[in-house]
Structure formats: structure tokens, C-alpha cells
$ cat run-v8.txt   # compact mmCIF, C-alpha atoms
# COMPACT_ATOMS: atom_id res chain seq x y z
CA MET A 1 6.37 15.37 -38.12
CA GLU A 2 5.51 11.68 -38.02
CA LEU A 3 6.96 11.42 -34.52
CA ASP A 4 4.74 14.24 -33.23
CA LEU A 5 1.59 12.89 -34.87
CA GLU A 6 2.04 9.45 -33.38
CA SER A 7 2.67 10.93 -29.93
CA ILE A 8 -0.44 13.11 -30.21
CA ALA A 9 -2.49 10.11 -31.35
CA GLU A 10 -1.31 8.14 -28.30
CA ALA A 11 -2.03 11.06 -25.98
CA THR A 12 -5.50 11.79 -27.37
CA SER A 13 -6.67 8.17 -27.31
CA GLY A 14 -5.26 7.70 -23.81
CA ALA A 15 -7.05 10.81 -22.53
CA ILE A 16 -10.39 9.76 -24.03
CA GLY A 17 -10.02 6.29 -22.53
CA ALA A 18 -9.35 7.81 -19.11
CA LEU A 19 -12.39 10.09 -19.39
CA VAL A 20 -14.77 7.20 -20.10
CA SER A 21 -13.34 4.82 -17.48
CA THR A 22 -13.31 7.52 -14.77
CA THR A 23 -16.97 8.41 -15.35
CA VAL A 24 -18.19 4.81 -15.42
CA LEU A 25 -16.40 3.81 -12.20
CA TYR A 26 -16.64 7.06 -10.24
CA PRO A 27 -19.17 5.94 -7.56
CA LEU A 28 -16.87 3.02 -6.70
CA ASP A 29 -13.92 5.42 -6.57
CA THR A 30 -15.75 7.72 -4.13
CA CYS A 31 -16.65 4.82 -1.81
CA LYS A 32 -13.07 3.53 -1.94
CA THR A 33 -11.53 6.93 -1.21
CA LYS A 34 -13.78 7.66 1.80
CA TYR A 35 -13.05 4.18 3.17
CA GLN A 36 -9.29 4.63 2.77
CA ALA A 37 -9.30 8.10 4.36
CA GLU A 38 -10.69 6.91 7.71
CA VAL A 39 -8.00 6.03 10.25
CA ARG A 40 -9.46 4.78 13.54
CA ALA A 41 -9.19 1.85 15.91
CA LYS A 42 -11.40 -1.04 14.80
CA HIS A 43 -14.11 -0.48 17.46
CA GLN A 44 -14.39 3.22 16.52
CA GLN A 45 -14.59 2.91 12.75
CA LYS A 46 -17.49 4.56 10.94
CA TYR A 47 -17.01 2.31 7.92
CA ARG A 48 -16.30 -1.38 8.59
CA ASN A 49 -16.13 -2.12 4.86
CA ILE A 50 -16.60 -0.31 1.58
CA SER A 51 -20.29 -1.27 1.32
CA ASP A 52 -20.98 0.83 4.45
CA VAL A 53 -20.11 3.96 2.44
CA LEU A 54 -22.60 3.00 -0.26
CA TRP A 55 -25.37 2.26 2.28
CA GLU A 56 -24.76 5.60 3.98
CA ALA A 57 -25.34 7.39 0.67
CA ILE A 58 -28.52 5.39 0.05
CA SER A 59 -29.92 5.73 3.59
CA THR A 60 -29.37 9.51 3.66
CA ARG A 61 -30.81 9.91 0.16
CA GLN A 62 -27.51 11.27 -1.13
CA VAL A 63 -26.89 8.74 -3.90
CA PHE A 64 -25.98 11.48 -6.37
CA SER A 65 -23.32 12.64 -3.91
CA LEU A 66 -21.35 9.57 -4.96
CA TYR A 67 -20.56 11.73 -8.00
CA GLN A 68 -19.33 14.73 -6.00
CA GLY A 69 -16.12 15.98 -7.61
CA LEU A 70 -16.70 14.09 -10.88
CA GLY A 71 -16.04 17.15 -13.03
CA THR A 72 -12.74 17.82 -11.28
CA LYS A 73 -11.71 14.16 -11.49
CA ASN A 74 -12.53 14.04 -15.21
CA LEU A 75 -10.56 17.23 -15.84
CA GLN A 76 -7.66 15.78 -13.87
CA SER A 77 -7.86 12.44 -15.70
CA TYR A 78 -8.03 13.99 -19.16
CA ILE A 79 -5.12 16.37 -18.58
CA SER A 80 -2.96 13.82 -16.79
CA GLN A 81 -3.47 11.06 -19.32
CA PHE A 82 -2.89 13.39 -22.28
CA ILE A 83 0.37 14.66 -20.75
CA TYR A 84 1.42 11.17 -19.69
CA PHE A 85 0.77 9.43 -22.99
CA TYR A 86 2.25 12.29 -25.00
CA GLY A 87 5.39 12.27 -22.86
CA TYR A 88 5.58 8.47 -22.78
CA GLY A 89 5.10 8.15 -26.53
CA PHE A 90 7.46 11.00 -27.36
CA PHE A 91 10.31 9.85 -25.10
CA LYS A 92 9.89 6.22 -26.16
CA ARG A 93 10.21 7.09 -29.85
CA LEU A 94 13.06 9.47 -29.13
CA TYR A 95 14.90 6.67 -27.32
CA LEU A 96 14.33 4.25 -30.21
CA LYS A 97 15.55 6.84 -32.72
CA LYS A 98 18.71 7.66 -30.75
CA SER A 99 19.54 4.06 -29.85
CA GLY A 100 18.73 2.59 -33.25
CA ASN A 101 16.77 -0.26 -31.64
CA THR A 102 13.46 -1.56 -32.96
CA ASN A 103 12.07 -2.38 -29.48
CA ILE A 104 12.51 -0.74 -26.09
CA GLY A 105 13.81 -2.90 -23.25
CA ALA A 106 12.19 -3.24 -19.83
CA LYS A 107 14.69 -0.98 -18.02
CA ALA A 108 14.54 1.81 -20.59
CA ASN A 109 10.75 1.51 -20.67
CA LEU A 110 10.60 1.92 -16.89
CA LEU A 111 12.74 5.07 -17.01
CA VAL A 112 10.72 6.59 -19.84
CA ALA A 113 7.45 5.87 -18.01
CA ALA A 114 8.80 7.32 -14.74
CA ALA A 115 9.93 10.53 -16.46
CA ALA A 116 6.54 10.97 -18.13
CA GLY A 117 4.77 10.24 -14.83
CA ALA A 118 6.84 12.77 -12.86
CA CYS A 119 6.05 15.55 -15.35
CA THR A 120 2.36 14.67 -15.19
CA VAL A 121 2.18 14.64 -11.38
CA ILE A 122 3.69 18.11 -11.00
CA VAL A 123 1.18 19.63 -13.44
CA ILE A 124 -2.01 18.04 -12.07
CA GLN A 125 -1.25 17.83 -8.32
CA PRO A 126 -3.59 20.73 -7.31
CA LEU A 127 -6.47 19.05 -9.17
CA ASP A 128 -5.65 15.72 -7.54
CA THR A 129 -5.67 17.26 -4.06
CA ALA A 130 -8.94 19.12 -4.71
CA SER A 131 -10.54 15.94 -6.06
CA SER A 132 -9.61 13.93 -2.96
CA LYS A 133 -10.96 16.67 -0.65
CA MET A 134 -14.26 16.76 -2.55
CA GLN A 135 -14.66 12.97 -2.50
CA THR A 136 -13.96 12.68 1.23
CA SER A 137 -16.29 15.53 2.19
CA GLU A 138 -19.53 14.68 3.95
CA PHE A 139 -22.19 13.56 1.48
CA GLY A 140 -24.05 16.57 0.09
CA LYS A 141 -21.56 19.12 1.44
CA ALA A 142 -18.77 18.99 -1.14
CA GLU A 143 -17.73 22.37 -2.54
CA GLY A 144 -16.86 23.19 -6.14
CA LEU A 145 -13.36 23.14 -7.61
CA TRP A 146 -12.73 26.89 -7.49
CA ARG A 147 -13.96 27.25 -3.90
CA THR A 148 -11.95 24.20 -2.80
CA LEU A 149 -8.76 25.60 -4.35
CA SER A 150 -9.37 29.16 -3.12
CA LYS A 151 -9.65 27.97 0.50
CA SER A 152 -6.18 26.39 0.28
CA THR A 153 -2.74 27.95 0.08
CA TRP A 154 -0.41 27.03 -2.77
CA ARG A 155 1.47 24.77 -0.38
CA GLU A 156 -1.74 22.99 0.64
CA ALA A 157 -2.72 22.59 -3.02
CA PHE A 158 0.42 20.50 -3.46
CA ASP A 159 -0.21 18.30 -0.40
CA GLY A 160 1.07 14.82 -1.10
CA LEU A 161 3.34 15.87 -3.99
CA GLY A 162 6.28 13.93 -2.59
CA ILE A 163 4.36 10.69 -2.27
CA SER A 164 2.68 11.31 -5.64
CA LEU A 165 6.12 11.50 -7.23
CA LEU A 166 6.99 8.25 -5.45
CA LEU A 167 3.81 6.72 -6.87
CA THR A 168 4.96 7.40 -10.44
CA ALA A 169 6.36 3.91 -9.99
CA ASN A 170 2.74 2.66 -10.24
CA PRO A 171 1.98 3.64 -13.84
CA SER A 172 5.62 2.99 -14.70
CA ILE A 173 5.26 -0.61 -13.56
CA GLN A 174 1.81 -0.89 -15.13
CA TYR A 175 2.69 0.37 -18.60
CA THR A 176 6.04 -1.43 -18.62
CA VAL A 177 4.30 -4.74 -17.87
CA PHE A 178 1.53 -3.92 -20.38
CA ASP A 179 3.94 -2.87 -23.14
CA GLN A 180 6.19 -5.89 -22.70
CA LEU A 181 3.24 -8.29 -22.74
CA LYS A 182 1.78 -6.47 -25.74
CA GLN A 183 5.06 -6.74 -27.66
CA ARG A 184 5.20 -10.47 -26.99
CA LEU A 185 1.59 -10.92 -28.06
CA LEU A 186 1.98 -8.93 -31.27
CA LYS A 187 5.39 -10.32 -32.17
CA GLY A 188 3.94 -12.97 -34.43
CA LYS A 189 1.60 -10.48 -36.13
CA LEU A 190 4.19 -7.90 -37.11
CA GLY A 191 5.01 -7.84 -40.79
CA SER A 192 7.50 -5.79 -42.69
CA LYS A 193 6.00 -2.62 -44.11
CA THR A 194 8.19 -0.50 -46.31
CA GLY A 195 7.68 2.60 -48.35
CA LYS A 196 4.55 3.76 -46.50
CA ALA A 197 3.72 5.17 -43.10
CA SER A 198 1.89 2.46 -41.21
CA THR A 199 -0.72 2.77 -38.53
CA PRO A 200 0.20 1.48 -35.04
CA GLU A 201 -0.57 -2.17 -34.36
CA ALA A 202 -3.65 -2.63 -32.15
CA LEU A 203 -4.65 -5.39 -29.76
CA SER A 204 -8.10 -6.92 -29.78
CA ALA A 205 -10.48 -5.50 -27.17
CA PHE A 206 -10.34 -8.69 -25.09
CA SER A 207 -6.54 -8.92 -25.19
CA ALA A 208 -6.15 -5.25 -24.24
CA PHE A 209 -8.64 -5.69 -21.38
CA MET A 210 -6.84 -8.72 -19.95
CA LEU A 211 -3.34 -7.25 -20.29
CA GLY A 212 -4.55 -4.01 -18.70
CA ALA A 213 -6.05 -5.92 -15.77
CA VAL A 214 -2.93 -7.99 -15.14
CA SER A 215 -0.51 -5.06 -15.43
CA LYS A 216 -2.53 -2.79 -13.11
CA CYS A 217 -3.02 -5.53 -10.53
CA VAL A 218 0.74 -6.04 -10.28
CA ALA A 219 1.39 -2.30 -9.94
CA THR A 220 -1.36 -1.78 -7.33
CA ILE A 221 -0.21 -4.55 -4.98
CA LEU A 222 3.39 -3.31 -5.03
CA THR A 223 2.52 0.32 -4.29
CA TYR A 224 -0.64 0.13 -2.15
CA PRO A 225 0.74 1.34 1.24
CA ALA A 226 1.88 4.54 -0.48
CA ILE A 227 -1.52 4.90 -2.15
CA ARG A 228 -3.28 4.74 1.24
CA CYS A 229 -0.91 7.31 2.74
CA LYS A 230 -1.51 9.68 -0.17
CA VAL A 231 -5.29 9.61 0.36
CA MET A 232 -4.81 10.26 4.09
CA ILE A 233 -2.50 13.23 3.47
CA GLN A 234 -4.85 14.86 0.96
CA ALA A 235 -7.95 14.25 3.13
CA ALA A 236 -6.29 15.33 6.38
CA ASP A 237 -8.35 18.56 6.58
CA SER A 238 -11.68 16.76 6.21
CA ASP A 239 -14.13 17.12 9.12
CA GLU A 240 -15.86 13.87 8.12
CA PHE A 241 -14.17 11.73 10.78
CA GLY A 242 -13.98 14.16 13.71
CA LYS A 243 -10.21 14.66 13.68
CA SER A 244 -8.55 17.05 16.09
CA GLU A 245 -6.41 19.88 14.73
CA ALA A 246 -3.30 18.06 15.98
CA ASP A 247 -4.30 14.91 14.06
CA LYS A 248 -4.94 16.91 10.91
CA LYS A 249 -1.56 18.56 11.09
CA SER A 250 0.36 15.36 11.85
CA GLN A 251 -1.29 13.42 9.03
CA LYS A 252 -0.14 15.94 6.42
CA THR A 253 3.29 14.30 6.30
CA ILE A 254 4.30 10.86 5.07
CA SER A 255 5.81 9.91 8.43
CA GLY A 256 2.71 11.17 10.27
CA ALA A 257 0.37 9.17 8.05
CA LEU A 258 2.47 6.03 8.44
CA PHE A 259 2.58 6.44 12.24
CA ALA A 260 -1.20 7.01 12.45
CA ILE A 261 -1.90 3.81 10.52
CA TRP A 262 0.56 1.76 12.58
CA LYS A 263 -0.72 3.12 15.90
CA ARG A 264 -4.47 2.78 15.26
CA GLU A 265 -4.81 -0.09 12.81
CA GLY A 266 -1.59 -2.08 13.04
CA PRO A 267 0.42 -3.58 10.15
CA LEU A 268 -2.68 -4.76 8.31
CA GLY A 269 -3.90 -1.17 8.20
CA PHE A 270 -1.37 -0.43 5.46
CA PHE A 271 -3.45 -2.68 3.21
CA LYS A 272 -6.91 -1.55 4.34
CA GLY A 273 -9.09 -1.22 1.26
CA LEU A 274 -6.67 -3.15 -0.97
CA GLN A 275 -9.45 -5.32 -2.40
CA ALA A 276 -11.54 -2.27 -3.33
CA GLN A 277 -8.47 -0.55 -4.79
CA ILE A 278 -7.67 -3.57 -6.94
CA VAL A 279 -11.24 -3.93 -8.19
CA LYS A 280 -11.50 -0.23 -9.04
CA THR A 281 -8.06 0.30 -10.54
CA VAL A 282 -7.96 -2.98 -12.45
CA LEU A 283 -11.38 -2.36 -14.01
CA SER A 284 -10.49 1.28 -14.69
CA SER A 285 -7.13 0.47 -16.23
CA ALA A 286 -8.43 -2.43 -18.28
CA LEU A 287 -11.36 -0.38 -19.61
CA HIS A 288 -9.07 2.60 -20.21
CA LEU A 289 -6.47 0.65 -22.16
CA MET A 290 -9.11 -1.29 -24.10
CA ILE A 291 -10.70 1.99 -25.29
CA LYS A 292 -7.29 3.50 -26.03
CA GLU A 293 -6.19 0.52 -28.12
CA LYS A 294 -9.39 0.56 -30.16
CA ILE A 295 -9.36 4.28 -30.97
CA THR A 296 -5.60 4.84 -31.44
CA ARG A 297 -5.70 3.73 -35.07
CA THR A 298 -8.75 5.91 -35.81
CA THR A 299 -7.06 8.91 -34.13
CA TRP A 300 -3.89 8.26 -36.14
CA ILE A 301 -5.81 8.18 -39.45
CA LEU A 302 -7.70 11.37 -38.58
CA LEU A 303 -4.47 13.18 -37.71
CA ILE A 304 -2.82 12.06 -40.96
CA ALA A 305 -5.84 13.35 -42.89
CA LEU A 306 -5.75 16.63 -40.94
CA LYS A 307 -2.03 17.00 -41.61
CA ARG A 308 -2.53 16.55 -45.35
CA TYR A 309 -5.46 18.95 -45.38
CA ILE A 310 -3.54 21.68 -43.55
CA PHE A 311 0.00 21.31 -44.86
CA VAL A 312 -0.35 20.00 -48.42
CA THR A 313 -0.58 22.88 -50.89
CA PRO A 314 -3.36 22.32 -53.42
CA VAL A 315 -2.10 21.71 -56.92
CA ARG A 316 -3.27 24.41 -59.27
CA LEU A 317 -4.78 23.31 -62.55
CA LYS A 318 -2.76 24.46 -65.51
CA SER A 319 -4.61 26.10 -68.33
CA THR A 320 -4.04 24.48 -71.71

$ encode --input "run-v8.txt" --output "C-alpha cells"
Amino acid sequence: MELDLESIAEATSGAIGALVSTTVLYPLDTCKTKYQAEVRAKHQQKYRNISDVLWEAISTRQVFSLYQGLGTKNLQSYISQFIYFYGYGFFKRLYLKKSGNTNIGAKANLLVAAAAGACTVIVIQPLDTASSKMQTSEFGKAEGLWRTLSKSTWREAFDGLGISLLLTANPSIQYTVFDQLKQRLLKGKLGSKTGKASTPEALSAFSAFMLGAVSKCVATILTYPAIRCKVMIQAADSDEFGKSEADKKSQKTISGALFAIWKREGPLGFFKGLQAQIVKTVLSSALHLMIKEKITRTTWILLIALKRYIFVTPVRLKST
């Protein structure tokens, strides 16, 4: 039972952290996504930089449209992070139990993270696709989740699934780097605790923030071309940028998205919006992991108390 409780504590704290970080940084995420989705020659671009997206929202009095799709994104974030952290925590502890090791190595950690990420992607892909479509819609004209999904076929709802599975390498790299750095940082603090169930060790808020920033920055740089292609594939049906039907159809495949970037923007186009992606994802990840680290212990204690309340049979007083 201890294994399950610790996994649930990890999953719950991770999901709450994702919910908060997604909400705080959502306007930046919308600007970044619309900027990444545009694929045009330099002299034809609607957005020359990410600030142009923000000024468009302000000038058209559609500032609140920067939050279009927030509910869907939060639902996606909560579900995905709960599934990911539960799977990651469960498989990690299962590996340690079967192998008899006290720490998980970098290679095993990468495999565990990739497996958890793949399961997560398959479950939340329709929400991810709907979220991207809502964010890249013209300001003020985004439709709700149900209407967005109902206008798509099941196949269209899973647009970008292949590249999303490929991008499981991103959180795998991130959490592997984070976990290895965390283990090194806490190595001197770990003491032997016997006879009692102990709460998980927690980093300080500053340490968790810095390790989260470093780990996400590394993962983002290594996987960015795939990230850009994924946004293009999911936003291919958008009428925002005046695409022809042929362009929409061709950009729904990985090869088509890669060719469109190469043809219209050149090699540097694969890294268009990298700075904005790093700022958003590093801040999001750092804030997310900081919140997770600080509430994991509280979640653990609450679950232990709940377990005792539910499963421990009250002792009946004996009459003397």
C-alpha cells in the first residue's frame, strides 16, 4: 500500500503544480503558439516577433482572448501530469524494488520516464490537439472544447500523435536531469531512517526552481524542431494565416511540416520562436516543480492520515 500512496502523492502534487503554472503563464503560451504556427517567407509574415501577437490582442481590444482555451489546457495539464507522475513514480519504485538498488541510474530513469510519457500522450492527445486549435484561432473567434472536438474526426483528434510520442523524450530528458541533480543535491542530507515510514525528501523552493529551469532548458533545446513541427501539424486547419487547402493537407504530416519550414524559412526556421519557448517552458517547469516539491510532503501526510482513517478498524472499548 505504501508504494501506491507515494505514487498518488507524487501524481497529485505534480498535477496541482501543473495547474498553477499553466494558468499563470497562459497568455505567454498563447502568444508563443500563434507565433510558432505561422509559416511564411520573411517578407510575408504577419508576426515578426512574439510581441506582435501581444500588440495585436491589445490593439483589437481582445486581451482576454489571450486566455482562449485556458480551460482545455488546464484540463489537459492536470490529467497529463497526474498520469505522468503516477506512472513515473510507480514504475520507478517498481524498478527499485525488483532490482534491489537504492537509487535509479540515468539510463533506467530515462526508460521509466519515456514509458510514463508515452502512456500520457496517448490518453491526452485529443485535448492537446483541441487546445492548439483554440490557441491559434483568430482572437475572439475560438470555439469551445466540445464544438472543437465535434468538428473533427477521430483521426484528426489525434493529429500529431506520432511526433508527440517522439517528444516524450522532452520530459524524459527533463525529469532525468532534474532527478539526477536532485539526488546529488540531497545526497548529503539523507539520513538513515528505520522502523518508520518516512516522508519523501524535499528540496528548498529556490533549489527546486533552479534545477527545474536547468533541466527544462536542456530538454527544450534538444527537441525544439520537433516541438515547432507539432504546433504546425495541430494548427494546420487554422484559417488565421490564409493557407490554401493544399497547404493545410500537406502540413498535417511530419515530412510536410519539415518541408514547409525548409522551403519558406530556411534552416533557421526550425528554431523560430526558440527564445519564447525557452522562456515559457523554463518558467513553467521551474514553477511547476517548485510547487510540486513543496506540497509533496503535505500530500503524503494527508494520504497517510486518510489511509489510517479509512482502513484502521477502531478499537472497541472493553467493559470492565

$ residues_around --input "run-v8.txt" --residues "Cys31 of chain A" --least-positions-apart "3" --cutoff "6 Å" --atoms "all atoms listed in the file" --output "PyMOL selection string"
chain A and resi 28+34+53

$ closest_atom_pairs --input "run-v8.txt" --of "segment 72-97 of chain A" --to "segment 166-179 of chain A" --cutoff "12 Å" --atoms "all atoms listed in the file" --output "CSV"
residue,atom,partner,partner_atom,distance
A:Ser80,CA,A:Pro171,CA,11.7
A:Gln81,CA,A:Pro171,CA,10.7
A:Tyr84,CA,A:Pro171,CA,9.6
A:Phe85,CA,A:Tyr175,CA,10.2
A:Tyr88,CA,A:Tyr175,CA,9.6
A:Gly89,CA,A:Tyr175,CA,11.4
A:Lys92,CA,A:Asp179,CA,11.3

$ atom_distance --input "run-v8.txt" --atom1 "atom CA of Ser284 of chain A" --atom2 "atom CA of Thr60 of chain A"
27.6 Å

$ closest_residue --input "run-v8.txt" --among "A:Ile16, A:Ile261, A:Val63, A:Ala142" --to "Glu293 of chain A" --atoms "all atoms listed in the file"
A:Ile16

$ closest_residue --input "run-v8.txt" --among "A:Val112, A:Ala57, A:Ile79, A:Leu274" --to "Phe91 of chain A" --atoms "all atoms listed in the file"
A:Val112

$ closest_residue --input "run-v8.txt" --among "A:Gln125, A:Gln251, A:Gln36, A:Ser21" --to "Met290 of chain A" --atoms "only C-alpha atoms"
A:Ser21

$ closest_residue --input "run-v8.txt" --among "A:Ile83, A:Ile304, A:Ile8, A:Leu287" --to "Ala116 of chain A" --atoms "all atoms listed in the file"
A:Ile83

$ residues_around --input "run-v8.txt" --residues "Ser132 of chain A" --least-positions-apart "4" --cutoff "9 Å" --atoms "all atoms listed in the file" --output "list of chain:residue names"
A:Thr30, A:Thr33, A:Lys34, A:Gly69, A:Lys73, A:Leu127, A:Asp128, A:Thr136, A:Ser137, A:Val231, A:Gln234, A:Ala235

$ closest_residue --input "run-v8.txt" --among "A:Leu211, A:Leu185, A:Ala118, A:Ile163" --to "Lys252 of chain A" --atoms "all atoms listed in the file"
A:Ile163

$ atom_distance --input "run-v8.txt" --atom1 "atom CA of Ser77 of chain A" --atom2 "atom CA of Ala15 of chain A"
7.1 Å
